[in-house]
>>> print(open('work_14.cif').read())   # mmCIF, C-alpha atoms
data_my_file
#
loop_
_atom_site.label_atom_id
_atom_site.label_comp_id
_atom_site.auth_asym_id
_atom_site.auth_seq_id
_atom_site.Cartn_x
_atom_site.Cartn_y
_atom_site.Cartn_z
CA GLY A 282 14.91 7.49 -9.57
CA PRO A 283 15.17 10.72 -7.60
CA GLU A 284 11.40 11.38 -7.70
CA GLU A 285 10.81 8.06 -6.01
CA LEU A 286 13.37 8.87 -3.33
CA ALA A 287 11.53 12.14 -2.70
CA LEU A 288 8.30 10.13 -2.20
CA LEU A 289 10.14 7.81 0.15
CA GLU A 290 11.53 10.74 2.16
CA ARG A 291 8.03 12.09 2.65
CA LEU A 292 6.69 8.67 3.60
CA LEU A 293 9.45 8.31 6.19
CA GLY A 294 8.74 11.78 7.58
CA LEU A 295 12.23 13.03 6.79
CA PRO A 296 12.83 16.76 6.37
CA LYS A 297 13.54 17.89 2.82
CA GLY A 298 17.02 18.97 1.92
CA ASN A 299 18.71 15.93 0.47
CA LYS A 300 20.19 16.58 -2.94
CA TYR A 301 19.88 13.95 -5.61
CA GLY A 302 21.49 13.58 -8.98
CA VAL A 303 21.67 10.90 -11.61
CA GLN A 304 24.60 9.05 -13.04
CA GLY A 305 25.25 7.37 -16.32
CA GLU A 306 23.02 6.03 -19.02
CA ARG A 307 20.82 4.02 -16.70
CA LYS A 308 20.17 7.13 -14.63
CA VAL A 309 21.28 5.59 -11.36
CA PRO A 310 20.34 7.95 -8.53
CA VAL A 311 23.08 9.55 -6.45
CA LEU A 312 22.67 11.17 -3.05
CA GLN A 313 25.09 14.02 -2.53
CA THR A 314 26.53 13.94 0.94
CA ASN A 315 28.50 16.63 2.71
CA ASN A 316 31.70 14.71 2.90
CA GLY A 317 32.68 12.38 0.17
CA PRO A 318 31.59 11.18 -3.24
CA GLY A 319 28.00 10.52 -2.29
CA LEU A 320 25.88 7.38 -2.17
CA THR A 321 24.98 5.63 -5.40
CA GLY A 322 22.12 3.31 -6.15
CA LEU A 323 18.41 3.16 -5.34
CA MET A 324 18.67 0.33 -2.82
CA THR A 325 21.61 1.87 -1.02
CA ILE A 326 20.08 5.32 -0.75
CA ALA A 327 16.69 3.96 0.26
CA ALA A 328 18.19 1.86 3.05
CA HIS A 329 20.21 4.86 4.18
CA LEU A 330 17.07 7.02 4.36
CA VAL A 331 15.26 4.37 6.39
CA LYS A 332 18.07 4.36 8.92
CA GLN A 333 18.20 8.16 8.93
CA ALA A 334 14.50 8.16 9.82
CA LYS A 335 15.21 5.61 12.54
CA LYS A 336 12.67 3.20 11.07
CA ASP A 337 15.02 0.26 10.85
CA GLN A 338 12.16 -2.21 11.25
CA LEU A 339 11.29 -1.41 7.63
CA LEU A 340 14.41 -3.33 6.69
CA GLY A 341 13.23 -6.40 8.56
CA SER A 342 13.62 -7.52 12.17
CA THR A 343 14.87 -11.09 12.06
CA ALA A 344 17.86 -12.23 10.02
CA GLU A 345 15.53 -14.02 7.66
CA GLU A 346 13.24 -11.01 7.23
CA LYS A 347 16.24 -8.79 6.48
CA ALA A 348 17.40 -11.23 3.84
CA VAL A 349 13.98 -11.39 2.21
CA VAL A 350 13.79 -7.58 2.14
CA GLN A 351 17.21 -7.43 0.47
CA GLN A 352 16.12 -10.08 -1.99
CA TRP A 353 13.18 -8.02 -3.17
CA LEU A 354 15.14 -4.78 -3.26
CA GLU A 355 17.67 -6.52 -5.47
CA TYR A 356 14.83 -7.95 -7.56
CA ARG A 357 13.43 -4.46 -8.00
CA VAL A 358 16.69 -3.03 -9.25
CA THR A 359 17.82 -5.93 -11.42
CA ARG A 360 14.57 -7.36 -12.76
CA VAL A 361 11.88 -4.68 -12.57
CA ASP A 362 14.00 -1.69 -13.56
CA GLY A 363 15.82 -3.72 -16.18
CA SER A 364 12.67 -5.13 -17.77
CA SER A 365 11.96 -4.04 -21.28
CA SER A 366 9.61 -6.54 -22.86
CA LYS A 367 6.05 -7.67 -22.16
CA GLU A 368 7.57 -11.11 -21.65
CA ASP A 369 9.79 -9.79 -18.84
CA THR A 370 6.85 -8.12 -17.18
CA ARG A 371 4.78 -11.28 -17.35
CA THR A 372 7.56 -13.27 -15.70
CA ILE A 373 7.85 -10.73 -12.91
CA LEU A 374 4.11 -10.78 -12.28
CA LYS A 375 4.12 -14.57 -12.29
CA ASP A 376 7.02 -14.74 -9.81
CA LEU A 377 5.34 -12.25 -7.52
CA ASN A 378 1.97 -13.96 -7.73
CA ILE A 379 3.49 -17.23 -6.57
CA HIS A 380 5.48 -15.58 -3.79
CA LEU A 381 2.46 -13.69 -2.47
CA GLU A 382 0.13 -16.67 -2.37
CA ASP A 383 0.71 -17.24 1.33
CA LYS A 384 1.92 -13.81 2.40
CA VAL A 385 0.27 -10.50 3.10
CA TYR A 386 3.49 -8.51 2.66
CA LEU A 387 6.60 -9.41 0.68
CA ALA A 388 8.47 -10.27 3.86
CA GLY A 389 5.54 -12.20 5.29
CA ASN A 390 3.58 -10.53 8.03
CA VAL A 391 5.31 -7.17 8.27
CA PHE A 392 5.35 -4.10 6.03
CA THR A 393 8.88 -3.32 4.85
CA LEU A 394 10.90 -1.24 2.41
CA ALA A 395 10.56 -4.16 -0.02
CA ASP A 396 6.81 -3.50 -0.27
CA ILE A 397 7.40 0.23 -0.74
CA LEU A 398 9.99 -0.01 -3.50
CA MET A 399 8.25 -2.85 -5.31
CA TYR A 400 5.04 -0.80 -5.22
CA TYR A 401 6.74 2.25 -6.73
CA GLY A 402 8.59 0.10 -9.22
CA LEU A 403 5.49 -1.77 -10.36
CA HIS A 404 3.08 1.16 -10.40
CA PRO A 405 3.58 1.92 -14.11
CA VAL A 406 3.02 -1.76 -14.89
CA MET A 407 -0.12 -2.12 -12.77
CA VAL A 408 -1.65 1.00 -14.28
CA GLU A 409 -1.56 -0.67 -17.71
CA LEU A 410 -2.94 -4.09 -16.76
CA THR A 411 -6.31 -5.17 -18.12
CA VAL A 412 -9.11 -6.40 -15.89
CA GLN A 413 -8.34 -9.93 -16.98
CA GLU A 414 -4.64 -9.62 -16.17
CA LYS A 415 -5.38 -8.15 -12.74
CA GLU A 416 -7.50 -11.19 -12.01
CA LYS A 417 -4.90 -13.56 -13.41
CA TYR A 418 -2.31 -12.22 -11.01
CA LEU A 419 -4.79 -12.22 -8.17
CA ASN A 420 -2.29 -12.26 -5.31
CA VAL A 421 -0.27 -9.41 -6.83
CA SER A 422 -3.48 -7.40 -7.20
CA ARG A 423 -4.46 -8.07 -3.62
CA TRP A 424 -1.01 -7.04 -2.36
CA PHE A 425 -0.82 -3.96 -4.60
CA ASN A 426 -4.29 -2.78 -3.55
CA HIS A 427 -3.29 -3.23 0.07
CA ILE A 428 0.00 -1.31 -0.25
CA GLN A 429 -1.54 1.58 -2.19
CA HIS A 430 -3.93 2.07 0.75
CA TYR A 431 -1.15 2.00 3.32
CA PRO A 432 -0.92 5.47 4.90
CA GLY A 433 1.65 7.69 3.25
CA VAL A 434 2.64 5.36 0.43
CA ARG A 435 0.61 6.35 -2.62
CA GLN A 436 0.85 10.17 -2.25
CA HIS A 437 0.30 11.75 -5.65
CA LEU A 438 0.54 8.53 -7.68
CA SER A 439 -2.65 7.47 -9.39
CA LYS A 440 -4.82 4.92 -7.66
CA VAL A 441 -5.06 1.65 -9.56
CA ILE A 442 -8.60 0.31 -9.62
CA PHE A 443 -9.30 -3.30 -8.71
CA ILE A 444 -12.91 -4.30 -9.10
CA LYS A 445 -14.43 -6.23 -6.27
CA ASN A 446 -16.58 -8.72 -8.17
CA ARG A 447 -14.34 -11.05 -10.06
CA LEU A 448 -15.39 -11.60 -13.65
CA TYR A 449 -13.21 -14.43 -14.81
CA THR A 450 -13.79 -16.77 -11.90
CA ASN A 451 -13.68 -19.72 -14.29
CA ALA A 452 -10.19 -18.95 -15.49
CA HIS A 453 -8.09 -20.03 -12.51
CA MET B 55 -23.83 -10.99 5.39
CA GLY B 56 -21.79 -13.85 6.75
CA PHE B 57 -19.76 -16.81 5.61
CA GLY B 58 -22.30 -19.57 6.20
CA ASP B 59 -21.14 -21.95 8.89
CA LEU B 60 -17.49 -21.14 9.59
CA LYS B 61 -17.13 -24.40 11.45
CA SER B 62 -17.85 -26.29 8.25
CA ALA B 63 -15.79 -26.86 5.13
CA ALA B 64 -18.35 -24.97 3.05
CA GLY B 65 -18.08 -21.90 5.27
CA LEU B 66 -14.30 -21.96 5.04
CA ARG B 67 -14.58 -22.08 1.26
CA VAL B 68 -16.72 -18.92 1.32
CA LEU B 69 -14.12 -17.28 3.53
CA ASN B 70 -11.36 -18.40 1.18
CA ASP B 71 -13.11 -16.92 -1.82
CA PHE B 72 -13.78 -13.69 0.05
CA LEU B 73 -10.12 -13.32 0.99
CA ALA B 74 -8.71 -14.01 -2.47
CA ASP B 75 -8.43 -10.30 -3.22
CA ARG B 76 -8.42 -8.94 0.32
CA SER B 77 -5.76 -8.84 2.99
CA TYR B 78 -8.27 -8.29 5.78
CA ILE B 79 -11.94 -8.96 6.55
CA GLU B 80 -12.62 -5.22 6.56
CA GLY B 81 -10.53 -2.41 5.10
CA TYR B 82 -6.77 -2.43 4.78
CA VAL B 83 -5.55 -2.87 8.34
CA PRO B 84 -6.04 -5.68 10.86
CA SER B 85 -9.02 -4.95 13.10
CA GLN B 86 -11.49 -6.52 15.50
CA ALA B 87 -13.35 -7.75 12.42
CA ASP B 88 -10.45 -10.11 11.72
CA ILE B 89 -10.32 -11.19 15.37
CA ALA B 90 -14.05 -11.94 15.39
CA VAL B 91 -13.77 -14.21 12.36
CA PHE B 92 -10.45 -15.70 13.54
CA GLU B 93 -12.00 -16.75 16.83
CA ALA B 94 -14.93 -18.41 15.06
CA ILE B 95 -12.63 -20.76 13.22
CA ALA B 96 -11.74 -23.97 15.00
CA ALA B 97 -8.38 -24.69 13.40
CA PRO B 98 -6.08 -23.37 10.66
CA PRO B 99 -7.77 -23.72 7.26
CA PRO B 100 -6.50 -26.60 5.10
CA ALA B 101 -3.66 -25.93 2.67
CA ASP B 102 -5.87 -25.99 -0.43
CA LEU B 103 -7.79 -22.95 0.87
CA PHE B 104 -4.63 -20.97 0.59
CA HIS B 105 -6.15 -17.47 0.75
CA ALA B 106 -7.86 -18.30 4.05
CA LEU B 107 -4.67 -19.90 5.31
CA ARG B 108 -2.60 -16.84 4.37
CA TRP B 109 -5.04 -14.61 6.24
CA TYR B 110 -5.19 -16.98 9.22
CA ASN B 111 -1.41 -17.06 9.66
CA HIS B 112 -1.20 -13.31 9.27
CA ILE B 113 -3.87 -12.61 11.89
CA LYS B 114 -2.27 -15.18 14.19
CA SER B 115 0.88 -13.06 14.13
CA TYR B 116 -1.15 -10.26 15.74
CA GLU B 117 -2.30 -12.54 18.58
CA LYS B 118 -0.47 -10.56 21.28
CA GLN B 119 -1.87 -7.23 20.11
CA LYS B 120 -5.39 -8.38 19.40
CA ALA B 121 -6.99 -6.35 22.16
CA SER B 122 -5.51 -3.14 20.80
CA LEU B 123 -6.57 -3.60 17.19
CA PRO B 124 -9.00 -0.93 15.96
CA GLY B 125 -12.75 -1.39 15.67
CA VAL B 126 -15.38 -3.21 17.63
CA LYS B 127 -16.08 -6.93 17.44
CA LYS B 128 -19.46 -7.46 15.83
CA ALA B 129 -21.57 -10.52 15.18
CA LEU B 130 -20.28 -12.77 12.40
CA GLY B 131 -23.33 -11.88 10.35
CA LYS B 132 -21.89 -8.36 9.90
CA TYR B 133 -18.89 -9.54 7.88
CA GLY B 134 -18.33 -11.23 4.61
CA PRO B 135 -20.23 -11.40 1.33
CA ALA B 136 -23.58 -9.63 1.33
CA ASP B 137 -25.59 -12.46 -0.15
CA ILE B 138 -24.65 -15.19 2.33
CA GLU B 139 -26.03 -15.70 5.83
CA ASP B 140 -24.03 -16.54 8.91
CA THR B 141 -25.01 -19.92 10.29
CA THR B 142 -22.02 -20.56 12.54
CA GLY B 143 -23.11 -21.99 15.86
CA ALA B 144 -26.63 -22.55 14.53
CA ALA B 145 -26.28 -26.24 15.28
CA THR B 146 -28.33 -26.99 18.40
CA ASP B 147 -26.17 -27.40 21.50
CA SER B 148 -26.54 -30.81 23.02
CA LYS B 149 -28.63 -30.64 26.15
CA ASP B 150 -26.89 -31.18 29.41
CA ASP B 151 -27.45 -34.87 29.97
CA ASP B 152 -25.98 -34.86 33.39
CA ASP B 153 -29.15 -33.66 35.10
CA ILE B 154 -30.72 -36.53 36.98
CA ASP B 155 -34.27 -37.01 35.89
CA LEU B 156 -36.10 -36.82 39.24
CA PHE B 157 -39.55 -35.87 38.09
CA GLY B 158 -40.45 -37.76 35.01
CA SER B 159 -43.65 -35.79 34.40
CA ASP B 160 -41.84 -32.42 34.34
CA ASP B 161 -39.46 -33.69 31.79
CA GLU B 162 -42.31 -34.69 29.55
CA GLU B 163 -43.92 -31.29 29.79
CA GLU B 164 -40.66 -29.58 29.02
CA SER B 165 -40.03 -31.61 25.98
CA GLU B 166 -43.58 -30.93 24.73
CA GLU B 167 -42.95 -27.21 24.97
CA ALA B 168 -39.51 -27.45 23.48
CA LYS B 169 -40.95 -29.54 20.68
CA LYS B 170 -43.67 -26.96 20.01
CA LEU B 171 -41.14 -24.17 19.97
CA ARG B 172 -38.86 -26.00 17.60
CA GLU B 173 -41.71 -26.78 15.22
CA GLU B 174 -42.84 -23.17 15.30
CA ARG B 175 -39.34 -21.98 14.47
CA LEU B 176 -39.05 -24.54 11.70
CA ALA B 177 -42.34 -23.42 10.18
CA GLN B 178 -41.17 -19.81 10.30
CA TYR B 179 -37.91 -20.69 8.61
CA GLU B 180 -39.65 -22.69 5.90
CA SER B 181 -42.11 -19.89 5.12
CA LYS B 182 -39.27 -17.38 5.01
CA LYS B 183 -37.37 -19.62 2.64
CA SER B 184 -40.35 -20.19 0.38
CA LYS B 185 -41.07 -16.47 0.17
CA LYS B 186 -37.68 -15.88 -1.43
CA PRO B 187 -38.24 -16.02 -5.19
CA ALA B 188 -35.82 -18.07 -7.20
CA VAL B 189 -33.21 -15.47 -7.93
CA VAL B 190 -31.49 -15.73 -11.25
CA ALA B 191 -28.14 -14.00 -11.01
CA LYS B 192 -27.77 -11.61 -13.89
CA SER B 193 -25.14 -9.10 -14.83
CA SER B 194 -25.10 -6.14 -17.16
CA LEU B 195 -21.91 -5.88 -19.20
CA LEU B 196 -20.56 -3.09 -21.34
CA LEU B 197 -18.15 -4.44 -23.93
CA ASP B 198 -15.52 -2.55 -25.90
CA VAL B 199 -14.93 -4.21 -29.26
CA LYS B 200 -11.97 -2.82 -31.16
CA PRO B 201 -11.46 -3.12 -34.92
CA TRP B 202 -8.14 -3.53 -36.69
CA ASP B 203 -8.06 -0.04 -38.21
CA ASP B 204 -10.15 2.89 -39.37
CA GLU B 205 -11.12 1.09 -42.56
CA THR B 206 -12.97 -1.73 -40.81
CA ASP B 207 -16.67 -1.80 -41.62
CA MET B 208 -18.12 -1.06 -38.19
CA ALA B 209 -21.66 -1.82 -39.29
CA LYS B 210 -20.57 -5.31 -40.31
CA LEU B 211 -18.59 -5.67 -37.06
CA GLU B 212 -21.70 -4.81 -35.07
CA GLU B 213 -23.72 -7.30 -37.11
CA CYS B 214 -21.20 -10.01 -36.33
CA VAL B 215 -21.28 -9.29 -32.61
CA ARG B 216 -25.08 -9.22 -32.48
CA SER B 217 -25.19 -12.47 -34.45
CA ILE B 218 -23.77 -14.24 -31.41
CA GLN B 219 -26.69 -16.02 -29.81
CA ALA B 220 -26.71 -17.93 -26.55
CA ASP B 221 -29.16 -19.00 -23.89
CA GLY B 222 -29.01 -16.37 -21.19
CA LEU B 223 -27.55 -13.64 -23.43
CA VAL B 224 -29.49 -10.56 -24.48
CA TRP B 225 -27.86 -7.79 -26.52
CA GLY B 226 -28.66 -4.18 -25.66
CA SER B 227 -27.93 -0.80 -27.14
CA SER B 228 -24.63 0.12 -28.69
CA LYS B 229 -22.68 3.09 -29.91
CA LEU B 230 -19.49 3.87 -31.75
CA VAL B 231 -16.84 5.65 -29.69
CA PRO B 232 -13.84 7.31 -31.38
CA VAL B 233 -10.52 6.25 -29.89
CA GLY B 234 -8.16 8.24 -32.06
CA TYR B 235 -6.57 8.08 -35.52
CA GLY B 236 -10.01 7.82 -37.08
CA ILE B 237 -10.58 4.47 -35.39
CA LYS B 238 -13.88 3.85 -33.63
CA LYS B 239 -14.61 1.12 -31.11
CA LEU B 240 -18.00 -0.49 -30.69
CA GLN B 241 -19.38 -0.12 -27.18
CA ILE B 242 -22.21 -2.54 -26.75
CA GLN B 243 -24.35 -3.44 -23.78
CA CYS B 244 -25.59 -6.93 -22.95
CA VAL B 245 -27.31 -8.70 -20.12
CA VAL B 246 -26.15 -12.20 -19.21
CA GLU B 247 -27.34 -14.86 -16.81
CA ASP B 248 -24.21 -15.52 -14.74
CA ASP B 249 -24.73 -19.25 -14.69
CA LYS B 250 -25.10 -19.59 -18.43
CA VAL B 251 -22.84 -17.04 -20.05
CA GLY B 252 -19.31 -16.13 -19.01
CA THR B 253 -17.11 -13.32 -20.27
CA ASP B 254 -14.57 -15.92 -21.44
CA MET B 255 -17.09 -17.37 -23.83
CA LEU B 256 -18.16 -13.94 -25.07
CA GLU B 257 -14.57 -12.93 -25.67
CA GLU B 258 -13.87 -16.15 -27.56
CA ARG B 259 -16.86 -15.79 -29.82
CA ILE B 260 -16.39 -12.11 -30.48
CA THR B 261 -12.70 -12.35 -31.25
CA ALA B 262 -13.47 -15.29 -33.54
CA PHE B 263 -14.55 -12.69 -36.12
CA GLU B 264 -10.88 -12.21 -36.88
CA ASP B 265 -11.46 -10.17 -40.01
CA TYR B 266 -13.15 -7.41 -38.11
CA VAL B 267 -12.32 -7.73 -34.43
CA GLN B 268 -8.88 -7.01 -33.03
CA SER B 269 -9.82 -7.33 -29.36
CA MET B 270 -12.61 -7.23 -26.81
CA ASP B 271 -12.54 -5.81 -23.30
CA VAL B 272 -15.11 -5.58 -20.57
CA ALA B 273 -15.48 -1.85 -20.02
CA ALA B 274 -18.05 -2.12 -17.25
CA PHE B 275 -19.69 -4.85 -15.27
CA ASN B 276 -22.65 -4.55 -12.90
CA LYS B 277 -24.57 -7.24 -11.07
CA ILE B 278 -28.28 -6.74 -11.50
#
>>> encode(input="work_14.cif", output="structure tokens")
Amino acid sequence: GPEELALLERLLGLPKGNKYGVQGERKVPVLQTNNGPGLTGLMTIAAHLVKQAKKDQLLGSTAEEKAVVQQWLEYRVTRVDGSSSKEDTRTILKDLNIHLEDKVYLAGNVFTLADILMYYGLHPVMVELTVQEKEKYLNVSRWFNHIQHYPGVRQHLSKVIFIKNRLYTNAH
Amino acid sequence: MGFGDLKSAAGLRVLNDFLADRSYIEGYVPSQADIAVFEAIAAPPPADLFHALRWYNHIKSYEKQKASLPGVKKALGKYGPADIEDTTGAATDSKDDDDIDLFGSDDEEESEEAKKLREERLAQYESKKSKKPAVVAKSSLLLDVKPWDDETDMAKLEECVRSIQADGLVWGSSKLVPVGYGIKKLQIQCVVEDDKVGTDMLEERITAFEDYVQSMDVAAFNKI
């Protein structure tokens, strides 16, 4: 929601001053603009901020990269934010683990807004995972550990611990 | 430190294992460490070593900027798991056979010396190897065993846990730790031989005491 957008603003190096509100039951964030009804929706506002900060590369450089970034932003808003059950969470982690098997970042080799918003979106989930679960979703853990160390991303969020020596090496 | 022989399949497997939970050889950004290891590898790792392959393709994408990546390239023995040596390039280079053998006697002398040197080195290596005691990998685990509720007989629960016997498993001290609502969890230490006892097995056997045990977690894990 709005707190996340504030984190994003700081990460992008934007000056403070944007006003956010929320709308409706699902607390969709709204950015109040000077002229007009304002921008609605996490994805929309986030992309707008990226462009404001002139860091368009965070949205992807090639057509394919841009599409992949959009895919994960949409995933974040529809699947992660909408998830309610442990079953949902497990599916998300499974999907991500498969996707990240051959990639360092969600879009492949470059850090994008997809990584940022998926990190913020999954933080509450990752905080609760057991040691065994973190090892089960090994690729997600690797990616999450990487992103939380990326300069400017974690800020005041708690650091999720990933132990170096794997315990359950038999259970692959 | 090192990955063994990175030109061999075994070395690549070590690298693959190392990279399972890491994006880079060192730290969280691409650096000269990645370039050093990248350059030691002859070809892209095979598809079944998918962590190594992921890393390889990622570092390849930095090919143009490799000179400007941070850090300083060090010897391969400075990277990788602490308990493995680097043996890449240890294979003896084939002598240059193109030299025409003009003076037969010189050649003989040379090979005598070379032979002596090689045997000396071999003897050194053997003695070094034999000095290393057979190391049994052990780990110290701290387990959290949770009961169903505050009425569970914790003394009986502890008895059940300690009744689990296995070759390579030694139980240590324990204590009861309150976790709220009058419920206490059993925190118990044990030492296991890594080859013989795994946490999977421990969890299975402990949670088998269904009447008492709700769950088991590894609270701490240290290699000894």
>>> interface_residues(input="work_14.cif", of="chain A", to="chain B", cutoff="6 Å", atoms="all atoms listed in the file", output="MDAnalysis selection string")
chainID A and resid 383:384 390 423 427
>>> write_last_selection(input="work_14.cif", atoms="C-alpha atoms", output="mmCIF file, keeping the file's coordinate frame")
data_model
loop_
_atom_site.group_PDB
_atom_site.id
_atom_site.type_symbol
_atom_site.label_atom_id
_atom_site.label_comp_id
_atom_site.auth_asym_id
_atom_site.auth_seq_id
_atom_site.Cartn_x
_atom_site.Cartn_y
_atom_site.Cartn_z
ATOM 1 C CA ASP A 383 0.710 -17.240 1.330
ATOM 2 C CA LYS A 384 1.920 -13.810 2.400
ATOM 3 C CA ASN A 390 3.580 -10.530 8.030
ATOM 4 C CA ARG A 423 -4.460 -8.070 -3.620
ATOM 5 C CA HIS A 427 -3.290 -3.230 0.070
#
>>> closest_atom_pairs(input="work_14.cif", of="range 327-351 of chain A", to="range 398-410 of chain A", cutoff="12 Å", atoms="all atoms listed in the file", output="JSON lines")
{"residue": "A:Ala327", "atom": "CA", "partner": "A:Leu398", "partner_atom": "CA", "distance": 8.6}
{"residue": "A:Ala328", "atom": "CA", "partner": "A:Leu398", "partner_atom": "CA", "distance": 10.7}
{"residue": "A:Leu339", "atom": "CA", "partner": "A:Leu398", "partner_atom": "CA", "distance": 11.3}
{"residue": "A:Leu340", "atom": "CA", "partner": "A:Leu398", "partner_atom": "CA", "distance": 11.6}
{"residue": "A:Val350", "atom": "CA", "partner": "A:Leu398", "partner_atom": "CA", "distance": 10.2}
{"residue": "A:Gln351", "atom": "CA", "partner": "A:Leu398", "partner_atom": "CA", "distance": 11.1}
>>> closest_residue(input="work_14.cif", among="A:Val309, A:Val434, A:Ala395, A:Leu320", to="Val349 in chain A", atoms="only C-alpha atoms")
A:Ala395
>>> resolve_selection(input="work_14.cif", expression="the PyMOL selection byres ((chain B and resi 237) around 9)", output="PyMOL selection string")
chain B and resi 200-206+231-236+238-239
>>> residues_around(input="work_14.cif", residues="Val358 in chain A", least_positions_apart="4", cutoff="9 Å", atoms="all atoms listed in the file", output="ChimeraX atom specification")
/A:322-324,353-354,362-363,402
>>> resolve_selection(input="work_14.cif", expression="the PyMOL selection byres ((chain B and resi 215-221) around 8)", output="MDAnalysis selection string")
chainID B and resid 211:214 222:223 225 250:251 259:260
>>> write_last_selection(input="work_14.cif", atoms="C-alpha atoms", output="PDB file, keeping the file's coordinate frame")
ATOM      1  CA  LEU B 211     -18.590  -5.670 -37.060  1.00  0.00           C
ATOM      2  CA  GLU B 212     -21.700  -4.810 -35.070  1.00  0.00           C
ATOM      3  CA  GLU B 213     -23.720  -7.300 -37.110  1.00  0.00           C
ATOM      4  CA  CYS B 214     -21.200 -10.010 -36.330  1.00  0.00           C
ATOM      5  CA  GLY B 222     -29.010 -16.370 -21.190  1.00  0.00           C
ATOM      6  CA  LEU B 223     -27.550 -13.640 -23.430  1.00  0.00           C
ATOM      7  CA  TRP B 225     -27.860  -7.790 -26.520  1.00  0.00           C
ATOM      8  CA  LYS B 250     -25.100 -19.590 -18.430  1.00  0.00           C
ATOM      9  CA  VAL B 251     -22.840 -17.040 -20.050  1.00  0.00           C
ATOM     10  CA  ARG B 259     -16.860 -15.790 -29.820  1.00  0.00           C
ATOM     11  CA  ILE B 260     -16.390 -12.110 -30.480  1.00  0.00           C
TER      12      ILE B 260
END
>>> closest_residue(input="work_14.cif", among="B:Leu171, B:Leu256, B:Ala87, B:Leu130", to="Leu196 in chain B", atoms="only C-alpha atoms")
B:Leu256
>>> atom_distance(input="work_14.cif", atom1="CA of Leu419 in chain A", atom2="CA of Thr359 in chain A")
23.7 Å
>>> closest_residue(input="work_14.cif", among="A:Arg371, A:Lys336, A:Lys300, A:Arg357", to="Asn315 in chain A", atoms="all atoms listed in the file")
A:Lys300
>>> decode(input="work_14.cif", residues="range 419-430 of chain A", atoms="N, CA and C atoms", output="compact mmCIF listing (two decimals), in the first residue's frame")
# COMPACT_ATOMS: atom_id res chain seq x y z
N LEU A 419 14.51 -23.24 -2.60
CA LEU A 419 15.90 -22.79 -2.57
C LEU A 419 16.15 -21.60 -3.47
N ASN A 420 15.58 -21.63 -4.68
CA ASN A 420 15.82 -20.54 -5.63
C ASN A 420 15.18 -19.25 -5.17
N VAL A 421 13.97 -19.37 -4.54
CA VAL A 421 13.32 -18.17 -4.03
C VAL A 421 14.18 -17.57 -2.92
N SER A 422 14.70 -18.45 -2.05
CA SER A 422 15.54 -17.98 -0.94
C SER A 422 16.77 -17.27 -1.47
N ARG A 423 17.40 -17.88 -2.48
CA ARG A 423 18.59 -17.26 -3.04
C ARG A 423 18.26 -15.88 -3.58
N TRP A 424 17.15 -15.79 -4.36
CA TRP A 424 16.76 -14.52 -4.96
C TRP A 424 16.40 -13.50 -3.90
N PHE A 425 15.62 -13.93 -2.88
CA PHE A 425 15.19 -13.01 -1.84
C PHE A 425 16.38 -12.46 -1.05
N ASN A 426 17.33 -13.35 -0.73
CA ASN A 426 18.52 -12.94 0.01
C ASN A 426 19.32 -11.92 -0.80
N HIS A 427 19.36 -12.15 -2.11
CA HIS A 427 20.08 -11.24 -3.00
C HIS A 427 19.40 -9.87 -3.00
N ILE A 428 18.09 -9.85 -3.24
CA ILE A 428 17.37 -8.58 -3.34
C ILE A 428 17.42 -7.80 -2.03
N GLN A 429 17.34 -8.51 -0.88
CA GLN A 429 17.31 -7.75 0.37
C GLN A 429 18.67 -7.10 0.64
N HIS A 430 19.72 -7.57 -0.05
CA HIS A 430 21.03 -6.95 0.09
C HIS A 430 21.28 -5.87 -0.96
